[in-house]
>>> print(open('model-v3.txt').read())   # compact mmCIF, C-alpha atoms
# COMPACT_ATOMS: atom_id res chain seq x y z
CA MET A 1 0.00 0.00 0.00
CA ASP A 2 2.84 2.32 0.79
CA THR A 3 4.32 1.68 -2.63
CA ILE A 4 1.03 2.39 -4.33
CA LYS A 5 0.60 5.59 -2.34
CA PHE A 6 4.10 6.70 -3.22
CA GLU A 7 3.51 6.04 -6.91
CA THR A 8 0.25 8.01 -6.74
CA GLU A 9 2.00 10.94 -5.13
CA GLU A 10 4.66 10.84 -7.85
CA VAL A 11 1.96 11.01 -10.50
CA ILE A 12 0.29 13.97 -8.75
CA ASP A 13 3.64 15.75 -8.43
CA ALA A 14 4.35 15.15 -12.11
CA VAL A 15 0.98 16.63 -13.11
CA ASN A 16 1.56 19.63 -10.87
CA SER A 17 5.02 20.17 -12.29
CA GLU A 18 3.64 20.04 -15.84
CA ALA A 19 0.98 22.59 -14.87
CA GLU A 20 3.63 24.85 -13.44
CA THR A 21 5.69 24.68 -16.60
CA GLU A 22 2.62 25.57 -18.66
CA SER A 23 1.54 28.46 -16.40
CA PRO A 24 3.96 31.04 -17.86
CA SER A 25 2.41 30.70 -21.31
CA ILE A 26 -1.04 31.14 -19.78
CA SER A 27 0.06 34.25 -17.89
CA GLU A 28 1.65 35.65 -21.05
CA ASP A 29 -1.58 35.15 -22.97
CA SER A 30 -3.62 36.92 -20.26
CA GLU A 31 -1.08 39.66 -19.54
CA SER A 32 -2.49 42.06 -22.09
CA TYR A 33 -5.98 41.54 -20.64
CA TYR A 34 -4.87 42.32 -17.08
CA GLN A 35 -2.53 45.12 -18.12
CA HIS A 36 -4.77 47.81 -16.62
CA LEU A 37 -4.40 46.12 -13.23
CA ARG A 38 -0.61 46.11 -13.34
CA SER A 39 1.49 48.81 -11.74
CA THR A 40 3.63 49.19 -14.90
CA GLY A 41 1.07 48.68 -17.66
CA LEU A 42 -0.20 51.02 -20.35
CA GLN A 43 -2.96 52.40 -18.13
CA ILE A 44 -1.76 53.01 -14.61
CA SER A 45 -3.20 54.93 -11.69
CA THR A 46 -1.38 58.00 -10.38
CA GLU A 47 -3.69 58.60 -7.42
CA ASP A 48 -2.29 58.16 -3.92
CA TYR A 49 -3.65 55.02 -2.29
CA PRO A 50 -2.60 54.37 1.32
CA GLY A 51 -4.60 51.14 1.30
CA ARG A 52 -5.45 49.05 4.29
CA PHE A 53 -1.90 49.26 5.60
CA ASP A 54 -1.52 53.09 5.53
CA PHE A 55 1.40 53.03 3.12
CA ASP A 56 3.38 56.27 3.12
CA PHE A 57 6.92 57.61 2.85
CA PHE A 58 8.92 60.43 4.40
CA LEU A 59 11.95 62.53 3.58
CA ASP A 60 14.15 63.50 6.49
CA VAL A 61 14.39 67.25 5.95
CA THR A 62 17.03 67.52 8.66
CA GLU A 63 19.43 65.72 6.32
CA ILE A 64 18.76 68.00 3.37
CA SER A 65 21.93 69.22 1.77
CA LYS A 66 21.61 72.63 0.15
CA ARG A 67 24.00 71.44 -2.52
CA HIS A 68 22.47 68.08 -3.40
CA TRP A 69 18.70 67.96 -2.90
CA MET A 70 15.76 69.96 -1.58
CA TYR A 71 12.14 69.08 -0.83
CA SER A 72 9.16 71.40 -1.33
CA GLU A 73 6.32 70.41 0.95
CA SER A 74 3.86 72.78 -0.74
CA LEU A 75 4.55 71.24 -4.17
CA ASN A 76 5.31 67.70 -2.91
CA LYS A 77 8.35 67.78 -5.14
CA VAL A 78 12.03 66.88 -4.82
CA TYR A 79 14.75 68.93 -6.49
CA ILE A 80 17.95 66.92 -6.71
CA ASP A 81 21.23 66.97 -8.53
CA MET A 82 22.07 64.11 -10.87
CA ASN A 83 23.81 61.05 -9.43
CA ARG A 84 23.15 62.16 -5.84
CA VAL A 85 21.64 59.91 -3.17
CA LEU A 86 18.03 60.54 -2.14
CA PRO A 87 17.11 58.68 1.10
CA ILE A 88 13.44 57.75 1.41
CA GLN A 89 11.87 56.19 4.48
CA PHE A 90 8.84 54.04 3.67
CA GLN A 91 6.26 53.17 6.30
CA TRP A 92 3.28 50.85 6.60
CA ARG A 93 1.26 49.14 9.29
CA PHE A 94 3.06 45.96 10.18
CA ASP A 95 0.56 43.99 12.30
CA ASP A 96 -2.23 43.94 9.70
CA ILE A 97 0.06 42.47 7.06
CA GLU A 98 1.35 39.81 9.42
CA LEU A 99 -2.23 38.81 10.29
CA LEU A 100 -2.90 38.16 6.61
CA GLY A 101 0.15 35.94 6.41
CA ILE A 102 1.99 38.27 4.01
CA LYS A 103 5.70 38.13 4.86
CA ASN A 104 7.57 38.97 1.67
CA LEU A 105 7.07 42.45 0.25
CA GLN A 106 8.70 44.68 -2.31
CA ILE A 107 8.73 48.42 -3.09
CA ARG A 108 8.55 49.42 -6.75
CA ALA A 109 9.66 52.85 -8.00
CA LEU A 110 8.27 53.85 -11.40
CA PRO A 111 9.10 57.21 -13.06
CA ILE A 112 6.39 58.57 -15.36
CA PHE A 113 5.65 61.89 -17.04
CA ALA A 114 3.38 64.14 -14.98
CA ASN A 115 1.41 65.54 -17.94
CA SER A 116 -1.36 63.20 -19.05
CA GLU A 117 -0.53 63.69 -22.74
CA PHE A 118 2.89 62.07 -22.23
CA GLN A 119 2.06 59.48 -19.56
CA GLN A 120 1.91 56.56 -21.96
CA LEU A 121 5.52 57.18 -23.01
CA SER A 122 8.29 55.30 -21.25
CA ILE A 123 11.16 57.20 -19.64
CA LYS A 124 14.73 56.21 -20.49
CA ARG A 125 18.15 57.73 -20.11
CA CYS A 126 19.63 59.85 -22.85
CA PRO A 127 22.36 58.23 -25.02
CA ILE A 128 25.05 60.58 -23.71
CA HIS A 129 24.67 59.50 -20.10
CA ILE A 130 24.35 55.86 -21.13
CA LEU A 131 27.76 56.06 -22.83
CA GLN A 132 29.24 57.60 -19.71
CA ASP A 133 28.20 54.52 -17.71
CA LYS A 134 28.91 51.88 -20.37
CA LEU A 135 30.88 49.79 -17.86
CA CYS A 136 28.00 49.52 -15.38
CA ASP A 137 25.49 46.69 -15.08
CA ARG A 138 23.68 46.37 -18.42
CA LYS A 139 20.39 45.65 -16.61
CA LYS A 140 20.21 49.17 -15.25
CA MET A 141 22.16 51.07 -17.91
CA GLU A 142 19.05 52.54 -19.59
CA HIS A 143 17.15 53.16 -16.36
CA ILE A 144 16.91 56.76 -15.23
CA LEU A 145 16.24 55.74 -11.61
CA TRP A 146 18.75 53.58 -9.75
CA CYS A 147 18.41 51.93 -6.36
CA GLU A 148 21.44 51.58 -4.09
CA GLN A 149 20.19 48.31 -2.62
CA SER A 150 22.50 45.52 -3.80
CA ASP A 151 19.73 43.08 -4.71
CA ALA A 152 17.50 45.64 -6.45
CA ILE A 153 15.70 44.31 -9.52
CA TYR A 154 15.48 46.39 -12.72
CA GLU A 155 12.43 45.55 -14.77
CA GLN A 156 10.90 46.63 -18.07
CA ASN A 157 7.33 45.86 -19.06
CA HIS A 158 7.60 44.40 -22.56
CA ILE A 159 4.17 45.82 -23.55
CA SER A 160 4.26 49.36 -22.14
CA GLN A 161 8.09 49.56 -22.18
CA ARG A 162 7.93 51.24 -18.75
CA GLN A 163 11.05 50.82 -16.66
CA SER A 164 10.94 50.41 -12.90
CA VAL A 165 13.25 49.35 -10.09
CA VAL A 166 12.16 46.99 -7.31
CA ALA A 167 13.65 46.94 -3.82
CA ILE A 168 13.02 43.71 -1.93
CA VAL A 169 11.96 44.32 1.67
CA HIS A 170 14.08 42.18 3.97
CA ASN A 171 12.39 40.85 7.07
CA PHE A 172 13.26 42.36 10.40
CA VAL A 173 11.47 42.96 13.69
CA PRO A 174 9.85 46.41 13.81
CA CYS A 175 10.14 48.51 16.93
CA SER A 176 6.49 49.68 16.77
CA ASP A 177 3.16 48.92 15.12
CA PHE A 178 4.50 50.55 11.95
CA LYS A 179 7.27 49.03 9.92
CA THR A 180 9.75 51.39 8.28
CA TYR A 181 12.19 50.63 5.52
CA ASN A 182 14.85 52.94 4.13
CA VAL A 183 15.80 52.91 0.46
CA LEU A 184 18.41 55.03 -1.31
CA TYR A 185 17.81 56.22 -4.86
CA LYS A 186 19.73 58.08 -7.57
CA PHE A 187 18.56 59.86 -10.71
CA MET A 188 20.90 59.26 -13.62
CA CYS A 189 19.67 61.85 -16.13
CA LYS A 190 18.79 65.52 -15.89
CA SER A 191 15.40 67.05 -16.57
CA SER A 192 17.04 69.18 -19.27
CA CYS A 193 18.32 66.21 -21.30
CA ASN A 194 16.83 66.64 -24.78
CA MET A 195 16.64 62.94 -25.67
CA SER A 196 15.17 61.89 -22.32
CA LEU A 197 12.99 64.08 -20.09
CA SER A 198 13.18 67.15 -22.39
CA ARG A 199 12.22 69.48 -19.52
CA ARG A 200 8.92 67.67 -18.99
CA PRO A 201 7.91 67.28 -15.32
CA ILE A 202 7.85 63.77 -13.91
CA TYR A 203 6.44 61.80 -11.00
CA VAL A 204 7.92 58.81 -9.29
CA ILE A 205 5.21 56.38 -8.21
CA PHE A 206 6.14 54.14 -5.27
CA THR A 207 4.01 51.03 -4.74
CA LEU A 208 4.09 48.56 -1.89
CA GLU A 209 3.54 45.13 -3.44
CA THR A 210 3.57 41.45 -2.70
CA LEU A 211 6.12 39.39 -4.59
CA ASN A 212 3.49 38.43 -7.18
CA GLY A 213 2.77 42.09 -7.97
CA GLN A 214 -0.38 42.72 -5.91
CA VAL A 215 -0.47 46.43 -5.03
CA LEU A 216 -1.07 47.13 -1.34
CA GLY A 217 -0.41 50.88 -1.39
CA ARG A 218 0.62 53.70 -3.69
CA LYS A 219 2.24 57.11 -3.22
CA LYS A 220 3.73 59.58 -5.70
CA ILE A 221 6.14 62.50 -5.58
CA GLY A 222 7.22 65.09 -8.13
CA VAL A 223 10.89 65.19 -9.14
CA LYS A 224 13.13 67.64 -10.94
CA VAL A 225 16.76 66.69 -11.62
CA CYS A 226 18.78 69.88 -11.85
CA SER A 227 22.14 71.43 -11.03
CA CYS A 228 20.75 74.07 -8.60
CA PRO A 229 18.01 72.42 -6.51
CA ARG A 230 17.50 75.31 -4.09
CA ARG A 231 17.24 77.95 -6.82
CA ASP A 232 14.78 75.93 -8.91
CA MET A 233 12.66 75.07 -5.88
CA LEU A 234 12.30 78.71 -4.77
CA LYS A 235 11.49 79.76 -8.34
CA GLU A 236 8.74 77.18 -8.83
CA GLU A 237 7.29 77.84 -5.37
CA GLU A 238 7.02 81.53 -6.24
CA ILE A 239 5.29 80.71 -9.55
CA GLU A 240 2.81 78.46 -7.76
CA LYS A 241 2.20 81.13 -5.13
CA LYS A 242 1.38 83.69 -7.83
CA ARG A 243 -0.89 81.21 -9.57
CA ILE A 244 -2.84 80.53 -6.37
CA THR A 245 -3.01 84.27 -5.61
CA GLY A 246 -4.36 84.89 -9.10
CA ILE A 247 -7.05 82.25 -8.62
CA LYS A 248 -8.04 83.74 -5.26
CA THR A 249 -8.16 87.24 -6.77
CA PHE A 250 -10.30 86.00 -9.65
CA ASN A 251 -12.66 84.21 -7.25
CA LYS A 252 -12.85 87.33 -5.06
CA ARG A 253 -13.73 89.52 -8.04
CA THR A 254 -16.32 87.02 -9.19
CA SER A 255 -17.80 86.99 -5.70
CA ILE A 256 -17.98 90.81 -5.64
CA ILE A 257 -19.73 90.86 -9.02
CA GLU A 258 -22.20 88.24 -7.83
CA ASP A 259 -22.82 90.18 -4.61
CA ASN A 260 -23.43 93.37 -6.61
CA GLU A 261 -25.85 91.55 -8.88
CA THR A 262 -27.64 90.12 -5.84
CA SER A 263 -27.85 93.52 -4.11
CA GLY A 264 -29.09 95.03 -7.38
CA LYS A 265 -31.84 92.45 -7.48
CA LYS A 266 -32.73 93.23 -3.84
CA LEU A 267 -32.80 96.96 -4.59
CA LYS A 268 -34.99 96.31 -7.57
CA SER A 269 -37.35 94.23 -5.49
CA ASN A 270 -37.59 97.05 -2.93
CA ASN A 271 -38.31 99.51 -5.72
CA ASP A 272 -41.00 97.20 -6.99
CA LYS A 273 -42.78 97.59 -3.65
CA THR A 274 -42.73 101.40 -3.94
CA GLU A 275 -44.17 101.13 -7.43
CA ASP A 276 -47.35 99.69 -5.96
CA LYS A 277 -47.96 102.85 -3.90
CA ILE A 278 -50.34 105.50 -5.30
CA TYR A 279 -49.15 109.10 -5.43
CA GLU A 280 -51.28 112.22 -6.19
CA LEU A 281 -49.97 115.19 -8.16
CA PRO A 282 -50.55 118.60 -6.57
CA SER A 283 -52.68 121.18 -8.33
CA LEU A 284 -50.50 122.68 -11.05
CA PRO A 285 -51.90 125.77 -12.86
CA ILE A 286 -50.55 126.10 -16.41
CA LEU A 287 -50.57 129.42 -18.25
CA GLY A 288 -51.57 129.23 -21.88
CA LYS A 289 -53.43 126.65 -23.89
CA GLN A 290 -50.41 125.68 -26.02
CA LEU A 291 -48.25 124.94 -22.96
CA TYR A 292 -51.15 123.08 -21.42
CA LEU A 293 -51.49 120.92 -24.54
CA SER A 294 -47.75 120.23 -24.71
CA THR A 295 -47.78 119.14 -21.05
CA LEU A 296 -50.67 116.77 -21.66
CA GLU A 297 -48.96 115.24 -24.70
CA LEU A 298 -45.70 114.84 -22.77
CA LEU A 299 -47.42 113.04 -19.90
CA HIS A 300 -49.46 110.92 -22.29
CA GLY A 301 -46.36 109.81 -24.22
CA HIS A 302 -44.44 109.05 -21.03
CA PHE A 303 -47.20 106.95 -19.41
CA LEU A 304 -47.96 105.14 -22.65
CA GLY A 305 -44.30 104.20 -23.26
CA SER A 306 -43.79 103.07 -19.66
CA ALA A 307 -46.89 100.91 -19.80
CA VAL A 308 -45.75 99.25 -23.02
CA ARG A 309 -42.24 98.54 -21.67
CA LYS A 310 -43.56 97.07 -18.41
CA ASP A 311 -46.38 95.22 -20.16
CA CYS A 312 -48.95 96.81 -17.87
CA LEU A 313 -51.01 98.67 -20.46
CA ILE A 314 -54.25 97.43 -18.97
CA ASP A 315 -53.43 98.67 -15.45
CA SER A 316 -52.45 102.12 -16.77
CA HIS A 317 -55.37 102.38 -19.20
CA PRO A 318 -57.58 104.81 -17.16
CA LEU A 319 -54.79 107.39 -16.75
CA ILE A 320 -53.76 107.16 -20.39
CA SER A 321 -57.36 107.40 -21.53
CA MET A 322 -57.95 110.47 -19.37
CA LEU A 323 -54.92 112.25 -20.82
CA SER A 324 -55.95 111.23 -24.32
CA ASP A 325 -59.44 112.71 -23.74
CA LEU A 326 -58.02 115.99 -22.44
CA ILE A 327 -55.71 116.29 -25.46
CA SER A 328 -58.61 115.63 -27.83
CA LYS A 329 -60.74 118.21 -26.04
CA VAL A 330 -58.07 120.93 -26.29
CA LYS A 331 -57.40 120.17 -29.96
CA SER A 332 -61.11 120.17 -30.68
CA GLU A 333 -61.48 123.62 -29.10
CA ASN A 334 -58.57 124.87 -31.22
CA ASN A 335 -60.12 123.52 -34.38
CA ASN A 336 -63.48 125.12 -33.64
CA HIS A 337 -61.83 128.44 -32.92
CA ASN A 338 -59.87 128.30 -36.19
CA LYS A 339 -63.05 127.42 -38.11
CA ILE A 340 -64.93 130.39 -36.72
CA GLU A 341 -62.08 132.71 -37.63
CA SER A 342 -61.96 131.39 -41.19
CA GLU A 343 -65.73 131.91 -41.63
CA ASN A 344 -65.67 135.51 -40.25
CA PRO A 345 -62.77 137.46 -41.74
CA LEU A 346 -63.78 140.54 -39.78
CA ILE A 347 -63.06 138.71 -36.49
CA GLN A 348 -59.64 137.72 -37.79
CA THR A 349 -58.90 141.34 -38.88
CA ASN A 350 -59.93 142.78 -35.55
>>> encode(input="model-v3.txt", output="C-alpha cells")
Amino acid sequence: MDTIKFETEEVIDAVNSEAETESPSISEDSESYYQHLRSTGLQISTEDYPGRFDFDFFLDVTEISKRHWMYSESLNKVYIDMNRVLPIQFQWRFDDIELLGIKNLQIRALPIFANSEFQQLSIKRCPIHILQDKLCDRKKMEHILWCEQSDAIYEQNHISQRQSVVAIVHNFVPCSDFKTYNVLYKFMCKSSCNMSLSRRPIYVIFTLETLNGQVLGRKKIGVKVCSCPRRDMLKEEEIEKKRITGIKTFNKRTSIIEDNETSGKKLKSNNDKTEDKIYELPSLPILGKQLYLSTLELLHGHFLGSAVRKDCLIDSHPLISMLSDLISKVKSENNNHNKIESENPLIQTN
C-alpha cells in the first residue's frame, strides 16, 4: 500500500510540475488583458492610495543638503542633482500584514511623465549619459532611476516599455506597530536632457507590493533633476504662489460681481414695492393753452411708453385714456376756434 501511495504521489507531483511549466504561457496570454491592473502597464493609476496598511513615505528634511537635494512640501516635489543619493523612508502598518500571512514584500519605483498627454511614453536615459556609464550593469544602464540596494531588480514591461526598479523588503522585527524601511535612490539623467525628459515634469510612483505584484499601497512624488536644486525650488514655489493668488483674486472679483448683482436684485425688489404705492400730483396751474397741450402730450407719451415697456397697459389704461381725452378736447377747441375765424374774416382782422 505504501508503494502504491508513493507512486500516486509521484503522479500527482508530475501533473503539478507540468501545470507549473505551462503556467507562464497562460500568464503571457492573459497579460495584455490584465494590463490595466498592473502597476507598470499602459494604463496606470497615479492617485495616492494608502490602502489598508496606511502606506506612506517620508523625507528626512534635517538631512537635506543645500547642494544636493531639496524638498518642497507645498509642491510635494524633490529637487535633486544628478547622481546624488536621495534617502526615502517608507512606512506601513506591520501587524495587519502579518495577520494576513503576508511576509515577503517589495517596493517598486516607477518614473512617469506628470502631464497626461505624455504618460503613456516610457522614460529612459539619454544616449550621452548611457555612454558615460557603459561599464555599469547592463540591466540598469538605460534606467533613469537607480536603487542603491545591492539586490534591487530592474524591470521593463515588454508591452508598455515602462522601466521600474524593485527593492526587496528584507524581514526584520519592527520597533512599533509601523514598519519602516529605508531605500536610497539616484537619478541618472537631468530634466534638461533633450533625448530623455526634455524638460517635462515627472512623477515617481512608489508602490508597496507582494512578490506576485499585488499592489497594497501607492504614493507619488514630483521630481526635478537639476544642477541648482535650491534655486529651482524657490522659483517654482514663487510661480505656484502667484498662480494661487491669481485664482483667489479672480474668485474674489467674481464673488464681488455676484454680490453686486444680488444687491441690485434686492434693490430692484424694494423699488418694486414702492411702485405699488399710489401718489397724487398737486394742483399745477398752467398758463396758456399751447403749454397746457404740450404738457398733456408729454405726460401721455411718457405713461404710454412706460406701460408698453412694463407690459402693464391694462393697469395704466384709465390714466392714459384720461390724458388722451383731455388732449382731444383741447385740440377740438382749437379747431373750432380756427373754423370760426376762417368763416368771419372781420373777427380775424380785428
>>> closest_residue(input="model-v3.txt", among="A:Ala114, A:Ile286, A:Ile327, A:Lys241", to="Glu47 of chain A", atoms="all atoms listed in the file")
A:Ala114
>>> closest_residue(input="model-v3.txt", among="A:Lys248, A:Lys220, A:His158, A:Lys179", to="Ile112 of chain A", atoms="only C-alpha atoms")
A:Lys220
>>> atom_distance(input="model-v3.txt", atom1="atom CA of Arg243 of chain A", atom2="atom CA of Ser72 of chain A")
16.3 Å
>>> residues_around(input="model-v3.txt", residues="Lys331 of chain A", least_positions_apart="2", cutoff="12 Å", atoms="only C-alpha atoms", output="ChimeraX atom specification")
/A:289-290,292-294,296-297,324-329,333-338
>>> closest_residue(input="model-v3.txt", among="A:Trp146, A:Trp69, A:Phe90, A:Phe53", to="Thr180 of chain A", atoms="all atoms listed in the file")
A:Phe90
>>> atom_distance(input="model-v3.txt", atom1="atom CA of Thr207 of chain A", atom2="atom CA of Arg108 of chain A")
5.2 Å
>>> closest_atom_pairs(input="model-v3.txt", of="segment 77-163 of chain A", to="segment 181-204 of chain A", cutoff="12 Å", atoms="only C-alpha atoms", output="JSON lines")
{"residue": "A:Lys77", "atom": "CA", "partner": "A:Tyr203", "partner_atom": "CA", "distance": 8.6}
{"residue": "A:Val78", "atom": "CA", "partner": "A:Tyr203", "partner_atom": "CA", "distance": 9.8}
{"residue": "A:Tyr79", "atom": "CA", "partner": "A:Ser191", "partner_atom": "CA", "distance": 10.3}
{"residue": "A:Ile80", "atom": "CA", "partner": "A:Phe187", "partner_atom": "CA", "distance": 8.1}
{"residue": "A:Asp81", "atom": "CA", "partner": "A:Lys190", "partner_atom": "CA", "distance": 7.9}
{"residue": "A:Met82", "atom": "CA", "partner": "A:Phe187", "partner_atom": "CA", "distance": 5.5}
{"residue": "A:Asn83", "atom": "CA", "partner": "A:Lys186", "partner_atom": "CA", "distance": 5.4}
{"residue": "A:Arg84", "atom": "CA", "partner": "A:Lys186", "partner_atom": "CA", "distance": 5.6}
{"residue": "A:Val85", "atom": "CA", "partner": "A:Lys186", "partner_atom": "CA", "distance": 5.1}
{"residue": "A:Leu86", "atom": "CA", "partner": "A:Tyr185", "partner_atom": "CA", "distance": 5.1}
{"residue": "A:Pro87", "atom": "CA", "partner": "A:Leu184", "partner_atom": "CA", "distance": 4.6}
{"residue": "A:Ile88", "atom": "CA", "partner": "A:Val183", "partner_atom": "CA", "distance": 5.5}
{"residue": "A:Gln89", "atom": "CA", "partner": "A:Asn182", "partner_atom": "CA", "distance": 4.4}
{"residue": "A:Phe90", "atom": "CA", "partner": "A:Tyr181", "partner_atom": "CA", "distance": 5.1}
{"residue": "A:Gln91", "atom": "CA", "partner": "A:Tyr181", "partner_atom": "CA", "distance": 6.5}
{"residue": "A:Trp92", "atom": "CA", "partner": "A:Tyr181", "partner_atom": "CA", "distance": 9.0}
{"residue": "A:Arg93", "atom": "CA", "partner": "A:Tyr181", "partner_atom": "CA", "distance": 11.7}
{"residue": "A:Phe94", "atom": "CA", "partner": "A:Tyr181", "partner_atom": "CA", "distance": 11.3}
{"residue": "A:Leu105", "atom": "CA", "partner": "A:Tyr181", "partner_atom": "CA", "distance": 11.0}
{"residue": "A:Gln106", "atom": "CA", "partner": "A:Tyr181", "partner_atom": "CA", "distance": 10.4}
{"residue": "A:Ile107", "atom": "CA", "partner": "A:Val183", "partner_atom": "CA", "distance": 9.1}
{"residue": "A:Arg108", "atom": "CA", "partner": "A:Val204", "partner_atom": "CA", "distance": 9.7}
{"residue": "A:Ala109", "atom": "CA", "partner": "A:Val204", "partner_atom": "CA", "distance": 6.3}
{"residue": "A:Leu110", "atom": "CA", "partner": "A:Val204", "partner_atom": "CA", "distance": 5.4}
{"residue": "A:Pro111", "atom": "CA", "partner": "A:Val204", "partner_atom": "CA", "distance": 4.3}
{"residue": "A:Ile112", "atom": "CA", "partner": "A:Tyr203", "partner_atom": "CA", "distance": 5.4}
{"residue": "A:Phe113", "atom": "CA", "partner": "A:Ile202", "partner_atom": "CA", "distance": 4.3}
{"residue": "A:Ala114", "atom": "CA", "partner": "A:Ile202", "partner_atom": "CA", "distance": 4.6}
{"residue": "A:Asn115", "atom": "CA", "partner": "A:Pro201", "partner_atom": "CA", "distance": 7.2}
{"residue": "A:Ser116", "atom": "CA", "partner": "A:Ile202", "partner_atom": "CA", "distance": 10.6}
{"residue": "A:Glu117", "atom": "CA", "partner": "A:Arg200", "partner_atom": "CA", "distance": 10.9}
{"residue": "A:Phe118", "atom": "CA", "partner": "A:Arg200", "partner_atom": "CA", "distance": 8.8}
{"residue": "A:Gln119", "atom": "CA", "partner": "A:Ile202", "partner_atom": "CA", "distance": 9.2}
{"residue": "A:Leu121", "atom": "CA", "partner": "A:Leu197", "partner_atom": "CA", "distance": 10.6}
{"residue": "A:Ser122", "atom": "CA", "partner": "A:Ser196", "partner_atom": "CA", "distance": 9.6}
{"residue": "A:Ile123", "atom": "CA", "partner": "A:Ser196", "partner_atom": "CA", "distance": 6.7}
{"residue": "A:Lys124", "atom": "CA", "partner": "A:Ser196", "partner_atom": "CA", "distance": 6.0}
{"residue": "A:Arg125", "atom": "CA", "partner": "A:Ser196", "partner_atom": "CA", "distance": 5.6}
{"residue": "A:Cys126", "atom": "CA", "partner": "A:Ser196", "partner_atom": "CA", "distance": 4.9}
{"residue": "A:Pro127", "atom": "CA", "partner": "A:Met195", "partner_atom": "CA", "distance": 7.4}
{"residue": "A:Ile128", "atom": "CA", "partner": "A:Met195", "partner_atom": "CA", "distance": 9.0}
{"residue": "A:His129", "atom": "CA", "partner": "A:Cys189", "partner_atom": "CA", "distance": 6.8}
{"residue": "A:Ile130", "atom": "CA", "partner": "A:Met188", "partner_atom": "CA", "distance": 8.9}
{"residue": "A:Leu131", "atom": "CA", "partner": "A:Met188", "partner_atom": "CA", "distance": 11.9}
{"residue": "A:Gln132", "atom": "CA", "partner": "A:Met188", "partner_atom": "CA", "distance": 10.5}
{"residue": "A:Asp133", "atom": "CA", "partner": "A:Met188", "partner_atom": "CA", "distance": 9.6}
{"residue": "A:Lys140", "atom": "CA", "partner": "A:Met188", "partner_atom": "CA", "distance": 10.2}
{"residue": "A:Met141", "atom": "CA", "partner": "A:Met188", "partner_atom": "CA", "distance": 9.3}
{"residue": "A:Glu142", "atom": "CA", "partner": "A:Met188", "partner_atom": "CA", "distance": 9.2}
{"residue": "A:His143", "atom": "CA", "partner": "A:Met188", "partner_atom": "CA", "distance": 7.7}
{"residue": "A:Ile144", "atom": "CA", "partner": "A:Met188", "partner_atom": "CA", "distance": 5.0}
{"residue": "A:Leu145", "atom": "CA", "partner": "A:Phe187", "partner_atom": "CA", "distance": 4.8}
{"residue": "A:Trp146", "atom": "CA", "partner": "A:Lys186", "partner_atom": "CA", "distance": 5.1}
{"residue": "A:Cys147", "atom": "CA", "partner": "A:Tyr185", "partner_atom": "CA", "distance": 4.6}
{"residue": "A:Glu148", "atom": "CA", "partner": "A:Leu184", "partner_atom": "CA", "distance": 5.4}
{"residue": "A:Gln149", "atom": "CA", "partner": "A:Val183", "partner_atom": "CA", "distance": 7.1}
{"residue": "A:Ser150", "atom": "CA", "partner": "A:Leu184", "partner_atom": "CA", "distance": 10.6}
{"residue": "A:Asp151", "atom": "CA", "partner": "A:Val183", "partner_atom": "CA", "distance": 11.8}
{"residue": "A:Ala152", "atom": "CA", "partner": "A:Val183", "partner_atom": "CA", "distance": 10.2}
{"residue": "A:Gln163", "atom": "CA", "partner": "A:Val204", "partner_atom": "CA", "distance": 11.3}
